[in-house]
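To start, the structure itself, in structure tokens.
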Amino acid sequence: GIGAPPRVGGHNAGMHPLRTMLEDAARGTFPPVDGGVEVFEPGDGGHAAIVEFTGHAVVLAELDVATLTRMGADGFGGASRPEIKLAIAGTGGLIGCHDAVLVASGLSDGSPGPLDVRTDLDDHPRVVRSRAHRRDIVVLGDDTGVATIGAGLVGRTELSVELLAGAAHSTAVGRALIEASLRHVPSDVFVWAQISPGNAASLRAFLAAGFRPIGAETLILPAR
């Protein structure tokens with residue numbers, strides 16, 4: 001199973017406020033549906049973010065809530081206005097996709113997971129992209145696809161998967177790879193996935209594997 005680096009679940013005194021909110025939501029306790037916006041400092045790695053729950057938004061940025069409110073930010077979609085993303089990013093900053101955020105629990109029973117640790121996929125686009133946004137990445141895979149598990153936004157454990165060229169592409173195959181990946185993560189750790197809403201095939205596979213929708217988010221790497 002996955003060892004210490006990606007095992008980042010559980011509350012602690014140093015936990016980022018957004019991490020606490022995400023884990024509470026994963027347990028079924030969501031922020032209030034009040035149209036409000038909360039603002040916190042960016043997490044590790046300097047990534048800013050706009051995270052939307054039902055009727056409530058959280059912004060990680062070097063902007064104050066009064067400025068964001070004047071720009072139209074609210075918890076009913078206003079926090080994701082294009083001008084707000086541009087203001088957070090600054091000239092030359094990078095704005096990521098607007099993704100659905102899903103969560104599941106690890107499925108490890110303490111025995112070795114079914115996937116091989118891969119050291120031959122460092123140049124694979126999925127691996128390169130994961131290492132740009134996460135730390136302590138572990139790369140897993142079989143003859144159907146590749147999976148990465150690592151610590152992402154505010155230290156949460158994040159999973160991404162991609163079926164390999166030549167493998168059969170179907171919800172069943174994708175689901176099997178996702179479930180196999182979860183068997184490398186302890187059962188008391190929440191595992192997060194961010195998926196573009198347009199990637200309906202990936203959404204179907206993650207939902208079939210037991211992931212639950214929590215909200216949506218946009219990652220932003222502000223200009224230095």
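Convention: chains lettered A, B, ... in structure tokens order; per-chain residue numbering from 1; ligands numbered from 1 as shown.
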Checklist entry - Excluding same-chain residues fewer than 6 positions from Glu62 in chain A, what lies within 12 Å of it counting only C-alpha atoms, as an MDAnalysis selection string? => result chainID A and resid 39:43 46:49 68 84 87:90 220:223
For the residues in that selection, give me N, CA and C atoms as a PDB file, in the first residue's frame.
ATOM      1  N   VAL A  39     -12.196  34.021   2.597  1.00  0.00           N
ATOM      2  CA  VAL A  39     -10.899  34.194   1.954  1.00  0.00           C
ATOM      3  C   VAL A  39      -9.802  33.777   2.922  1.00  0.00           C
ATOM      4  N   PHE A  40      -8.869  32.946   2.415  1.00  0.00           N
ATOM      5  CA  PHE A  40      -7.732  32.503   3.203  1.00  0.00           C
ATOM      6  C   PHE A  40      -6.462  32.622   2.368  1.00  0.00           C
ATOM      7  N   GLU A  41      -5.327  32.531   3.051  1.00  0.00           N
ATOM      8  CA  GLU A  41      -4.052  32.539   2.354  1.00  0.00           C
ATOM      9  C   GLU A  41      -3.944  31.302   1.468  1.00  0.00           C
ATOM     10  N   PRO A  42      -3.208  31.402   0.346  1.00  0.00           N
ATOM     11  CA  PRO A  42      -2.982  30.209  -0.487  1.00  0.00           C
ATOM     12  C   PRO A  42      -2.335  29.091   0.308  1.00  0.00           C
ATOM     13  N   GLY A  43      -2.506  27.868  -0.167  1.00  0.00           N
ATOM     14  CA  GLY A  43      -1.922  26.711   0.488  1.00  0.00           C
ATOM     15  C   GLY A  43      -0.477  26.511   0.103  1.00  0.00           C
ATOM     16  N   GLY A  46       2.039  27.669  -3.192  1.00  0.00           N
ATOM     17  CA  GLY A  46       1.671  28.953  -3.764  1.00  0.00           C
ATOM     18  C   GLY A  46       0.435  28.930  -4.631  1.00  0.00           C
ATOM     19  N   HIS A  47      -0.285  27.811  -4.676  1.00  0.00           N
ATOM     20  CA  HIS A  47      -1.480  27.754  -5.504  1.00  0.00           C
ATOM     21  C   HIS A  47      -2.634  28.515  -4.846  1.00  0.00           C
ATOM     22  N   ALA A  48      -3.186  29.450  -5.602  1.00  0.00           N
ATOM     23  CA  ALA A  48      -4.448  30.056  -5.213  1.00  0.00           C
ATOM     24  C   ALA A  48      -5.572  29.158  -5.727  1.00  0.00           C
ATOM     25  N   ALA A  49      -6.791  29.406  -5.273  1.00  0.00           N
ATOM     26  CA  ALA A  49      -7.899  28.555  -5.702  1.00  0.00           C
ATOM     27  C   ALA A  49      -9.219  29.234  -5.410  1.00  0.00           C
ATOM     28  N   LEU A  68     -12.954  41.363  -3.233  1.00  0.00           N
ATOM     29  CA  LEU A  68     -13.631  40.329  -4.007  1.00  0.00           C
ATOM     30  C   LEU A  68     -15.139  40.583  -4.087  1.00  0.00           C
ATOM     31  N   ILE A  84     -12.520  37.915 -11.699  1.00  0.00           N
ATOM     32  CA  ILE A  84     -11.944  37.558 -10.404  1.00  0.00           C
ATOM     33  C   ILE A  84     -10.778  36.592 -10.595  1.00  0.00           C
ATOM     34  N   ALA A  87      -7.871  38.607 -11.797  1.00  0.00           N
ATOM     35  CA  ALA A  87      -7.287  39.424 -10.743  1.00  0.00           C
ATOM     36  C   ALA A  87      -6.416  38.590  -9.810  1.00  0.00           C
ATOM     37  N   ILE A  88      -6.858  37.376  -9.524  1.00  0.00           N
ATOM     38  CA  ILE A  88      -6.066  36.497  -8.657  1.00  0.00           C
ATOM     39  C   ILE A  88      -4.792  36.062  -9.365  1.00  0.00           C
ATOM     40  N   ALA A  89      -4.900  35.744 -10.647  1.00  0.00           N
ATOM     41  CA  ALA A  89      -3.746  35.234 -11.392  1.00  0.00           C
ATOM     42  C   ALA A  89      -2.716  36.323 -11.644  1.00  0.00           C
ATOM     43  N   GLY A  90      -3.152  37.530 -11.939  1.00  0.00           N
ATOM     44  CA  GLY A  90      -2.212  38.579 -12.305  1.00  0.00           C
ATOM     45  C   GLY A  90      -1.659  38.348 -13.703  1.00  0.00           C
ATOM     46  N   ILE A 220      -5.355  28.166  -9.434  1.00  0.00           N
ATOM     47  CA  ILE A 220      -4.693  29.302 -10.067  1.00  0.00           C
ATOM     48  C   ILE A 220      -3.271  29.411  -9.527  1.00  0.00           C
ATOM     49  N   LEU A 221      -2.318  29.580 -10.419  1.00  0.00           N
ATOM     50  CA  LEU A 221      -0.930  29.815 -10.019  1.00  0.00           C
ATOM     51  C   LEU A 221      -0.628  31.278 -10.322  1.00  0.00           C
ATOM     52  N   PRO A 222      -0.664  32.136  -9.291  1.00  0.00           N
ATOM     53  CA  PRO A 222      -0.468  33.563  -9.536  1.00  0.00           C
ATOM     54  C   PRO A 222       0.917  33.871 -10.104  1.00  0.00           C
ATOM     55  N   ALA A 223       0.995  34.970 -10.827  1.00  0.00           N
ATOM     56  CA  ALA A 223       2.279  35.421 -11.363  1.00  0.00           C
ATOM     57  C   ALA A 223       3.224  35.737 -10.206  1.00  0.00           C
TER      58      ALA A 223
END
Taking only C-alpha atoms into account, produce a table as CSV in which each residue of range 29-124 of chain A with an atom at most 7 Å from an atom of range 134-151 of chain A appears once, together with its shortest atom pair and the distance in Å to one decimal, ordered by chain and rising number.
residue,atom,partner,partner_atom,distance
A:Leu115,CA,A:Gly141,CA,5.4
A:Asp116,CA,A:Leu140,CA,5.5
A:Val117,CA,A:Leu140,CA,4.5
A:Arg118,CA,A:Leu140,CA,5.3
Writing out the chosen residues with N, CA and C atoms as a tab-separated table (two decimals), in the first residue's frame:
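Listed below is the output, result.tsv:
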chain	number	residue	atom	x	y	z
A	115	LEU	N	-1.81	-2.72	-7.87
A	115	LEU	CA	-1.11	-2.07	-8.96
A	115	LEU	C	0.39	-2.03	-8.71
A	116	ASP	N	1.16	-2.01	-9.77
A	116	ASP	CA	2.61	-1.91	-9.67
A	116	ASP	C	3.02	-0.45	-9.50
A	117	VAL	N	4.06	-0.21	-8.69
A	117	VAL	CA	4.68	1.11	-8.67
A	117	VAL	C	5.49	1.25	-9.95
A	118	ARG	N	5.20	2.30	-10.71
A	118	ARG	CA	5.82	2.46	-12.03
A	118	ARG	C	6.92	3.52	-11.97
Per residue of range 52-138 of chain A within 10 Å of range 196-200 of chain A, record the nearest atom pair and its distance in Å to one decimal, counting only C-alpha atoms, with rows in chain order and ascending residue number, as a Markdown table.
| residue | atom | partner | partner_atom | distance |
| --- | --- | --- | --- | --- |
| A:Cys97 | CA | A:Ser196 | CA | 6.9 |
| A:His98 | CA | A:Ser196 | CA | 6.5 |
| A:Asp99 | CA | A:Ser196 | CA | 4.5 |
| A:Ala100 | CA | A:Ser196 | CA | 6.1 |
| A:Val101 | CA | A:Ser196 | CA | 9.0 |
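Every protein, DNA or RNA residue with an atom at most 6 Å from range 102-110 of chain A, where only C-alpha atoms count and chain neighbours fewer than 5 positions away do not, is listed here: Leu182, Arg183, His184, Val185, Pro186, Ser187, Val189, Phe190, Val191, Trp192, Ala193, Phe211, Arg212, Pro213 and Ile214 of chain A.
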Checklist outcome for this item: Counting only C-alpha atoms, closest pick from A:Ala180, A:Leu60, A:Leu94, A:Ala66 relative to Val154 in chain A is A:Leu60
Checklist entry - Which of range 102-222 of chain A counts as strand (DSSP E) under DSSP, as an MDAnalysis selection string please? => result chainID A and resid 102:105 116:117 135:141 145:151 157:163 190:195 212:221
Item to check | All helix (DSSP H, G or I) residues (DSSP, backbone) inside range 143-219 of chain A, as a ChimeraX atom specification | outcome: /A:153-155,171-182,200-208
Export of the given selection (N, CA and C atoms) as a PDB file, in the first residue's frame:
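Generated output (out.pdb):
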ATOM      1  N   LEU A 153      -3.768  20.290  -3.218  1.00  0.00           N
ATOM      2  CA  LEU A 153      -4.234  21.523  -2.599  1.00  0.00           C
ATOM      3  C   LEU A 153      -4.480  21.325  -1.113  1.00  0.00           C
ATOM      4  N   VAL A 154      -3.942  22.212  -0.294  1.00  0.00           N
ATOM      5  CA  VAL A 154      -4.026  22.209   1.177  1.00  0.00           C
ATOM      6  C   VAL A 154      -3.697  20.838   1.770  1.00  0.00           C
ATOM      7  N   GLY A 155      -2.843  20.077   1.084  1.00  0.00           N
ATOM      8  CA  GLY A 155      -2.344  18.819   1.617  1.00  0.00           C
ATOM      9  C   GLY A 155      -3.249  17.624   1.485  1.00  0.00           C
ATOM     10  N   THR A 171     -16.367   2.663 -19.117  1.00  0.00           N
ATOM     11  CA  THR A 171     -16.592   2.962 -17.712  1.00  0.00           C
ATOM     12  C   THR A 171     -16.115   1.813 -16.831  1.00  0.00           C
ATOM     13  N   ALA A 172     -16.312   0.580 -17.286  1.00  0.00           N
ATOM     14  CA  ALA A 172     -15.911  -0.579 -16.481  1.00  0.00           C
ATOM     15  C   ALA A 172     -14.399  -0.628 -16.290  1.00  0.00           C
ATOM     16  N   VAL A 173     -13.646  -0.358 -17.363  1.00  0.00           N
ATOM     17  CA  VAL A 173     -12.188  -0.384 -17.259  1.00  0.00           C
ATOM     18  C   VAL A 173     -11.696   0.770 -16.390  1.00  0.00           C
ATOM     19  N   GLY A 174     -12.262   1.958 -16.601  1.00  0.00           N
ATOM     20  CA  GLY A 174     -11.884   3.095 -15.777  1.00  0.00           C
ATOM     21  C   GLY A 174     -12.209   2.874 -14.317  1.00  0.00           C
ATOM     22  N   ARG A 175     -13.400   2.335 -14.053  1.00  0.00           N
ATOM     23  CA  ARG A 175     -13.791   2.056 -12.674  1.00  0.00           C
ATOM     24  C   ARG A 175     -12.823   1.071 -12.029  1.00  0.00           C
ATOM     25  N   ALA A 176     -12.436   0.040 -12.738  1.00  0.00           N
ATOM     26  CA  ALA A 176     -11.526  -0.961 -12.175  1.00  0.00           C
ATOM     27  C   ALA A 176     -10.177  -0.334 -11.811  1.00  0.00           C
ATOM     28  N   LEU A 177      -9.671   0.566 -12.664  1.00  0.00           N
ATOM     29  CA  LEU A 177      -8.396   1.215 -12.373  1.00  0.00           C
ATOM     30  C   LEU A 177      -8.516   2.129 -11.164  1.00  0.00           C
ATOM     31  N   ILE A 178      -9.628   2.859 -11.053  1.00  0.00           N
ATOM     32  CA  ILE A 178      -9.829   3.748  -9.908  1.00  0.00           C
ATOM     33  C   ILE A 178      -9.941   2.943  -8.617  1.00  0.00           C
ATOM     34  N   GLU A 179     -10.734   1.880  -8.635  1.00  0.00           N
ATOM     35  CA  GLU A 179     -10.898   1.061  -7.434  1.00  0.00           C
ATOM     36  C   GLU A 179      -9.583   0.403  -7.037  1.00  0.00           C
ATOM     37  N   ALA A 180      -8.805  -0.033  -8.016  1.00  0.00           N
ATOM     38  CA  ALA A 180      -7.497  -0.619  -7.712  1.00  0.00           C
ATOM     39  C   ALA A 180      -6.581   0.424  -7.080  1.00  0.00           C
ATOM     40  N   SER A 181      -6.657   1.661  -7.563  1.00  0.00           N
ATOM     41  CA  SER A 181      -5.841   2.738  -6.991  1.00  0.00           C
ATOM     42  C   SER A 181      -6.227   3.000  -5.536  1.00  0.00           C
ATOM     43  N   LEU A 182      -7.523   2.999  -5.241  1.00  0.00           N
ATOM     44  CA  LEU A 182      -7.985   3.243  -3.875  1.00  0.00           C
ATOM     45  C   LEU A 182      -7.510   2.163  -2.914  1.00  0.00           C
ATOM     46  N   ALA A 200     -17.175  13.510 -19.501  1.00  0.00           N
ATOM     47  CA  ALA A 200     -18.267  12.702 -18.968  1.00  0.00           C
ATOM     48  C   ALA A 200     -17.850  11.256 -18.711  1.00  0.00           C
ATOM     49  N   ALA A 201     -16.966  10.717 -19.556  1.00  0.00           N
ATOM     50  CA  ALA A 201     -16.529   9.326 -19.364  1.00  0.00           C
ATOM     51  C   ALA A 201     -15.792   9.173 -18.039  1.00  0.00           C
ATOM     52  N   SER A 202     -14.917  10.139 -17.721  1.00  0.00           N
ATOM     53  CA  SER A 202     -14.196  10.076 -16.453  1.00  0.00           C
ATOM     54  C   SER A 202     -15.144  10.263 -15.279  1.00  0.00           C
ATOM     55  N   LEU A 203     -16.080  11.189 -15.399  1.00  0.00           N
ATOM     56  CA  LEU A 203     -17.063  11.378 -14.333  1.00  0.00           C
ATOM     57  C   LEU A 203     -17.850  10.099 -14.065  1.00  0.00           C
ATOM     58  N   ARG A 204     -18.282   9.436 -15.126  1.00  0.00           N
ATOM     59  CA  ARG A 204     -19.043   8.187 -14.952  1.00  0.00           C
ATOM     60  C   ARG A 204     -18.198   7.138 -14.235  1.00  0.00           C
ATOM     61  N   ALA A 205     -16.929   7.049 -14.609  1.00  0.00           N
ATOM     62  CA  ALA A 205     -16.064   6.030 -14.002  1.00  0.00           C
ATOM     63  C   ALA A 205     -15.834   6.314 -12.520  1.00  0.00           C
ATOM     64  N   PHE A 206     -15.571   7.574 -12.168  1.00  0.00           N
ATOM     65  CA  PHE A 206     -15.334   7.908 -10.755  1.00  0.00           C
ATOM     66  C   PHE A 206     -16.600   7.731  -9.932  1.00  0.00           C
ATOM     67  N   LEU A 207     -17.744   8.125 -10.465  1.00  0.00           N
ATOM     68  CA  LEU A 207     -18.997   7.924  -9.734  1.00  0.00           C
ATOM     69  C   LEU A 207     -19.285   6.441  -9.550  1.00  0.00           C
ATOM     70  N   ALA A 208     -19.005   5.647 -10.576  1.00  0.00           N
ATOM     71  CA  ALA A 208     -19.227   4.200 -10.468  1.00  0.00           C
ATOM     72  C   ALA A 208     -18.315   3.574  -9.438  1.00  0.00           C
TER      73      ALA A 208
END
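Closest to Gly152 in chain A among A:Met71, A:Asp44, A:Phe53, A:Lys85 is A:Asp44, based on only C-alpha atoms.
Counting from CA of Met15 in chain A, the distance to CA of Val33 in chain A is 23.2 Å.
Take CA of Ile50 in chain A and CA of Ser130 in chain A: the distance between them is 19.0 Å.
Between CA of Leu18 in chain A and CA of Pro31 in chain A lies a distance of 10.7 Å.
Minimum atom-to-atom distance to Thr29 in chain A, evaluated using only C-alpha atoms, belongs to A:Thr54 out of A:Thr54, A:Thr67, A:Ala73, A:Ser170.
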